[in-house]
Amino acid sequence: MAGQTTNNPKRKAQGKAPVDNTYGHLQPQAPDVERAVLGALMIDKDAYAVVCELLYPESFYEPRNQMVYAAIRDLSMAEKPVDVLTVTERLARDGNLEKVGGPVYISELSSRVASSANIEYHAHIIAQKFLARQLISFASVIETKAFDETSDIEELMQEAEGSLFELSQRNMKKDYTQIDPVIKNAMDVIQKAAENKDGLTGVPTGYHKLDDITSGWQPSDLVIIAGRPAMGKTSFALSMAKNIAADFKVPMAFFSLEMSNVQLVNRLISNCCEIQGSKILNGQLQPDEWERLDKRINGLLGAPLYVDDTPGLSVFELRTKARRLVREHGVKIIMIDYLQLMNANGMRFSSRQEEVSTISRSLKGLAKELDIPILALSQLNRGVESREGLEGKRPQLSDLRESGAIEQDADMVLFVHRPEYYHIFQDDHGRDLHGMAQIIIAKHRKGATGDVLLTFRGEYTRFENPEDTRIGGSPTGGGEILGSKINGSDGPMMPDGYDPFGGGMIPPADNGPMPF
């Protein structure tokens, strides 16, 4: 009948949003397994050693089981017996015995199992349930903040990535391995090195004397390239990038936090085509320079060089991008310019030093995970400027800025140092330092330290092997590791204090090649 209502539930449901029961679940838990593990720990004195790296008090779902496990852990770490009596006494001393259910509950735990044979398998179940609860909590927090209209989505993404990274790091376990397969891998590396006449086992830099010491940049190494402003750190990094990607065709990624990708490529063009930066900016090239540009630019086209100029890059963003670059493009080396401009958004720190320490540690972890070298540029503090003399101006490991952890985490620390910047034109052996830069290997976990002299041509943002530098068509001489004789002369000069890439005036170096 018209106008009559109906009691049909299907009719009532029409037009209404479906009920979402997605979260109508108990949290992941395994109370019986928890009790079995606790019981096994109290009947086998060696059982704790099996699970100590897998389980923590908070891994257990029931609060009373958390307190029992904490008591077992404390007894084990103090090298005291673990059984029903000692655990009961420890809980009583901590004031937790009645909270867990008294001595009766402890006795019940030990009577539930006959042996500890399956304790490792059971411990993995508890650990997985705990991780699932952590992920649920993480997702719930992010969901709540995402619904908040006042939340900044970019900051929320950084926080989410940081929290997820922390979670994965805490739960990442790598088991030990018997030495035989490791020896086989080492022998394979030695055999491959023997096949290379140049002795290189890593990514070549293009600088012969540097490669002699390092055998190339090695997989899993974190290399810090440091220097004071105007020493040429970025020029050195770009020169290596050109050598590695354009000349040797080794896929690499360059993360530039300071310059845009266009500025970076302008410097690469200047480096590769030997055209002054000012002319590249204003386009006032001579006919021979246009010809050189047209000819040499092909050396950069098609190079497996991937540039990212994300400002304020976080270590978590870097991790995500690096994994993708390695997976999709086979990247073999990563450069970062520079470390102090990175951040660890999404994590809380009491000081900037602590944050830089976390970034440094994360970069080393990433190098190991991807099994490729990571080169990070770094600033030095002002201590160099206050010291006098040739040796006083020489950078030291203690000059690394903001964190001693950088020195500790790095497999290798290099300093880019140009004595002529401080109006020092001869070393203590009387060798000419005009137009020269010292690459100081101050730390090298896998080999020797030492100094390498390179020619610095500031107008082209270019570092060269001294034996490759030509002026008027003739070589300048054979460069060697510092300590041997160096015959060389400086390259073309730039106007005093002029930065051709628009960086403003910089302190003069007695009309020497200008730094970048």
# chains A, B, ... in the order shown; residues from 1 in each chain; ligands from 1

call {"tool": "select_by_dssp", "arguments": {"residues": "segment 59-240 of chain A", "states": "strand (DSSP E or B)", "output": "list of chain:residue names"}}
result
A:Val203, A:Trp217, A:Leu222, A:Val223, A:Ile224, A:Ile225, A:Ala226, A:Gly227

call {"tool": "select_by_dssp", "arguments": {"residues": "segment 41-140 of chain A", "states": "helix (DSSP H, G or I)", "output": "PyMOL selection string"}}
result
chain A and resi 41+47-51+57-59+63-77+84-93+97-100+102-111+119-140

call {"tool": "atom_distance", "arguments": {"atom1": "atom CA of Met436 of chain A", "atom2": "atom CA of Arg382 of chain A"}}
result
22.3 Å

call {"tool": "residues_around", "arguments": {"residues": "segment 91-107 of chain A", "least_positions_apart": "6", "cutoff": "7 Å", "atoms": "only C-alpha atoms", "output": "list in words"}}
result
Arg64, Ala71 and Val84 of chain A

call {"tool": "write_last_selection", "arguments": {"atoms": "all heavy atoms", "output": "compact mmCIF listing (two decimals), in the first residue's frame"}}
result
# COMPACT_ATOMS: atom_id res chain seq x y z
N ARG A 64 52.05 -9.03 32.62
CA ARG A 64 52.70 -9.87 33.61
C ARG A 64 53.81 -10.71 32.97
O ARG A 64 54.84 -10.97 33.60
CB ARG A 64 51.68 -10.77 34.32
CG ARG A 64 50.92 -11.74 33.42
CD ARG A 64 49.98 -12.58 34.27
NE ARG A 64 49.17 -13.49 33.47
CZ ARG A 64 48.33 -14.37 34.01
NH1 ARG A 64 48.19 -14.45 35.32
NH2 ARG A 64 47.61 -15.17 33.23
N ALA A 71 62.59 -10.04 34.61
CA ALA A 71 63.29 -10.66 35.74
C ALA A 71 64.28 -11.71 35.25
O ALA A 71 65.42 -11.81 35.74
CB ALA A 71 62.29 -11.28 36.70
N VAL A 84 62.59 -21.44 38.84
CA VAL A 84 61.36 -20.97 39.47
C VAL A 84 61.65 -20.17 40.73
O VAL A 84 61.06 -19.09 40.97
CB VAL A 84 60.44 -22.17 39.81
CG1 VAL A 84 59.22 -21.69 40.62
CG2 VAL A 84 59.97 -22.86 38.54

call {"tool": "closest_atom_pairs", "arguments": {"of": "segment 309-370 of chain A", "to": "segment 254-273 of chain A", "cutoff": "10 Å", "atoms": "only C-alpha atoms", "output": "JSON lines"}}
result
{"residue": "A:Asp309", "atom": "CA", "partner": "A:Ser256", "partner_atom": "CA", "distance": 4.7}
{"residue": "A:Thr310", "atom": "CA", "partner": "A:Leu257", "partner_atom": "CA", "distance": 6.1}
{"residue": "A:Pro311", "atom": "CA", "partner": "A:Leu257", "partner_atom": "CA", "distance": 5.0}
{"residue": "A:Gly312", "atom": "CA", "partner": "A:Leu257", "partner_atom": "CA", "distance": 6.4}
{"residue": "A:Leu313", "atom": "CA", "partner": "A:Leu257", "partner_atom": "CA", "distance": 6.8}
{"residue": "A:Leu318", "atom": "CA", "partner": "A:Phe255", "partner_atom": "CA", "distance": 8.5}
{"residue": "A:Ala322", "atom": "CA", "partner": "A:Phe255", "partner_atom": "CA", "distance": 9.9}
{"residue": "A:Ile333", "atom": "CA", "partner": "A:Phe254", "partner_atom": "CA", "distance": 8.8}
{"residue": "A:Ile334", "atom": "CA", "partner": "A:Phe254", "partner_atom": "CA", "distance": 6.0}
{"residue": "A:Met335", "atom": "CA", "partner": "A:Phe254", "partner_atom": "CA", "distance": 4.8}
{"residue": "A:Ile336", "atom": "CA", "partner": "A:Phe255", "partner_atom": "CA", "distance": 4.8}
{"residue": "A:Asp337", "atom": "CA", "partner": "A:Ser256", "partner_atom": "CA", "distance": 5.0}
{"residue": "A:Tyr338", "atom": "CA", "partner": "A:Leu257", "partner_atom": "CA", "distance": 6.4}
{"residue": "A:Leu339", "atom": "CA", "partner": "A:Leu257", "partner_atom": "CA", "distance": 8.7}
{"residue": "A:Gln340", "atom": "CA", "partner": "A:Leu257", "partner_atom": "CA", "distance": 9.5}
{"residue": "A:Leu341", "atom": "CA", "partner": "A:Leu257", "partner_atom": "CA", "distance": 6.4}
{"residue": "A:Met342", "atom": "CA", "partner": "A:Leu257", "partner_atom": "CA", "distance": 7.6}

call {"tool": "closest_residue", "arguments": {"among": "A:Asp411, A:Asp188, A:Glu149, A:Glu120", "to": "Cys52 of chain A", "atoms": "only C-alpha atoms"}}
result
A:Glu120

call {"tool": "closest_residue", "arguments": {"among": "A:Met157, A:Ala437, A:Ala246, A:Leu325", "to": "Leu300 of chain A", "atoms": "only C-alpha atoms"}}
result
A:Ala246

call {"tool": "atom_distance", "arguments": {"atom1": "atom CA of His434 of chain A", "atom2": "atom CA of Glu420 of chain A"}}
result
6.3 Å

call {"tool": "closest_residue", "arguments": {"among": "A:Ser220, A:Ala49, A:Met231, A:Thr201", "to": "Met77 of chain A", "atoms": "only C-alpha atoms"}}
result
A:Ala49

call {"tool": "atom_distance", "arguments": {"atom1": "atom CA of Ser239 of chain A", "atom2": "atom CA of Arg296 of chain A"}}
result
14.9 Å

call {"tool": "residues_around", "arguments": {"residues": "Val37 of chain A", "least_positions_apart": "4", "cutoff": "12 Å", "atoms": "only C-alpha atoms", "output": "NGL selection string"}}
result
:A and (30-33 or 41-44 or 47-48 or 50-52 or 55 or 59-60 or 65-66 or 68-69 or 72 or 109-127)

call {"tool": "closest_residue", "arguments": {"among": "A:Met67, A:Ile280, A:Leu38, A:Met187", "to": "Val82 of chain A", "atoms": "only C-alpha atoms"}}
result
A:Leu38

call {"tool": "residues_around", "arguments": {"residues": "Thr461 of chain A", "least_positions_apart": "3", "cutoff": "9 Å", "atoms": "only C-alpha atoms", "output": "count of residues only"}}
result
19

call {"tool": "closest_residue", "arguments": {"among": "A:Phe165, A:Thr150, A:Arg90, A:Pro304", "to": "Ala78 of chain A", "atoms": "only C-alpha atoms"}}
result
A:Arg90

call {"tool": "residues_around", "arguments": {"residues": "Gly216 of chain A", "least_positions_apart": "3", "cutoff": "10 Å", "atoms": "only C-alpha atoms", "output": "mmCIF file with N, CA, C and O atoms, in the first residue's frame"}}
result
data_model
loop_
_atom_site.group_PDB
_atom_site.id
_atom_site.type_symbol
_atom_site.label_atom_id
_atom_site.label_comp_id
_atom_site.auth_asym_id
_atom_site.auth_seq_id
_atom_site.Cartn_x
_atom_site.Cartn_y
_atom_site.Cartn_z
ATOM 1 N N GLY A 199 95.261 -2.971 -11.319
ATOM 2 C CA GLY A 199 95.110 -3.289 -9.898
ATOM 3 C C GLY A 199 93.873 -2.702 -9.256
ATOM 4 O O GLY A 199 93.715 -2.768 -8.047
ATOM 5 N N LEU A 200 92.961 -2.143 -10.064
ATOM 6 C CA LEU A 200 91.759 -1.532 -9.505
ATOM 7 C C LEU A 200 90.733 -2.606 -9.164
ATOM 8 O O LEU A 200 90.445 -3.481 -9.971
ATOM 9 N N THR A 201 90.176 -2.513 -7.968
ATOM 10 C CA THR A 201 89.101 -3.423 -7.560
ATOM 11 C C THR A 201 87.799 -2.673 -7.322
ATOM 12 O O THR A 201 86.757 -3.294 -7.139
ATOM 13 N N GLY A 202 87.857 -1.355 -7.297
ATOM 14 C CA GLY A 202 86.668 -0.549 -7.060
ATOM 15 C C GLY A 202 86.391 0.381 -8.227
ATOM 16 O O GLY A 202 86.900 0.208 -9.334
ATOM 17 N N VAL A 203 85.574 1.404 -7.969
ATOM 18 C CA VAL A 203 85.235 2.392 -8.996
ATOM 19 C C VAL A 203 86.407 3.337 -9.175
ATOM 20 O O VAL A 203 86.847 3.980 -8.215
ATOM 21 N N PRO A 204 86.967 3.461 -10.390
ATOM 22 C CA PRO A 204 88.135 4.335 -10.587
ATOM 23 C C PRO A 204 87.760 5.803 -10.499
ATOM 24 O O PRO A 204 86.650 6.201 -10.867
ATOM 25 N N THR A 205 88.692 6.608 -10.026
ATOM 26 C CA THR A 205 88.455 8.049 -9.903
ATOM 27 C C THR A 205 88.926 8.811 -11.129
ATOM 28 O O THR A 205 88.501 9.945 -11.358
ATOM 29 N N GLY A 206 89.853 8.207 -11.914
ATOM 30 C CA GLY A 206 90.469 8.933 -13.018
ATOM 31 C C GLY A 206 91.747 9.631 -12.608
ATOM 32 O O GLY A 206 92.442 10.198 -13.455
ATOM 33 N N TYR A 207 92.076 9.585 -11.307
ATOM 34 C CA TYR A 207 93.316 10.188 -10.808
ATOM 35 C C TYR A 207 94.265 9.063 -10.421
ATOM 36 O O TYR A 207 94.041 8.345 -9.447
ATOM 37 N N HIS A 208 95.326 8.914 -11.212
ATOM 38 C CA HIS A 208 96.164 7.720 -11.154
ATOM 39 C C HIS A 208 96.771 7.480 -9.782
ATOM 40 O O HIS A 208 96.727 6.357 -9.250
ATOM 41 N N LEU A 210 95.862 8.671 -6.897
ATOM 42 C CA LEU A 210 94.819 8.415 -5.897
ATOM 43 C C LEU A 210 94.338 6.968 -6.004
ATOM 44 O O LEU A 210 94.157 6.279 -4.995
ATOM 45 N N ASP A 211 94.168 6.505 -7.235
ATOM 46 C CA ASP A 211 93.752 5.113 -7.441
ATOM 47 C C ASP A 211 94.830 4.129 -6.989
ATOM 48 O O ASP A 211 94.513 3.013 -6.562
ATOM 49 N N ASP A 212 96.099 4.529 -7.094
ATOM 50 C CA ASP A 212 97.183 3.667 -6.622
ATOM 51 C C ASP A 212 97.049 3.380 -5.131
ATOM 52 O O ASP A 212 97.342 2.275 -4.666
ATOM 53 N N ILE A 213 96.609 4.386 -4.382
ATOM 54 C CA ILE A 213 96.484 4.227 -2.923
ATOM 55 C C ILE A 213 95.191 3.515 -2.553
ATOM 56 O O ILE A 213 95.170 2.644 -1.684
ATOM 57 N N PRO A 219 83.336 -1.078 -2.671
ATOM 58 C CA PRO A 219 81.945 -1.331 -2.272
ATOM 59 C C PRO A 219 81.778 -1.283 -0.761
ATOM 60 O O PRO A 219 82.684 -1.676 -0.015
ATOM 61 N N PRO A 373 80.005 2.156 -2.920
ATOM 62 C CA PRO A 373 80.617 3.268 -2.180
ATOM 63 C C PRO A 373 79.704 4.489 -2.165
ATOM 64 O O PRO A 373 79.039 4.786 -3.165
#
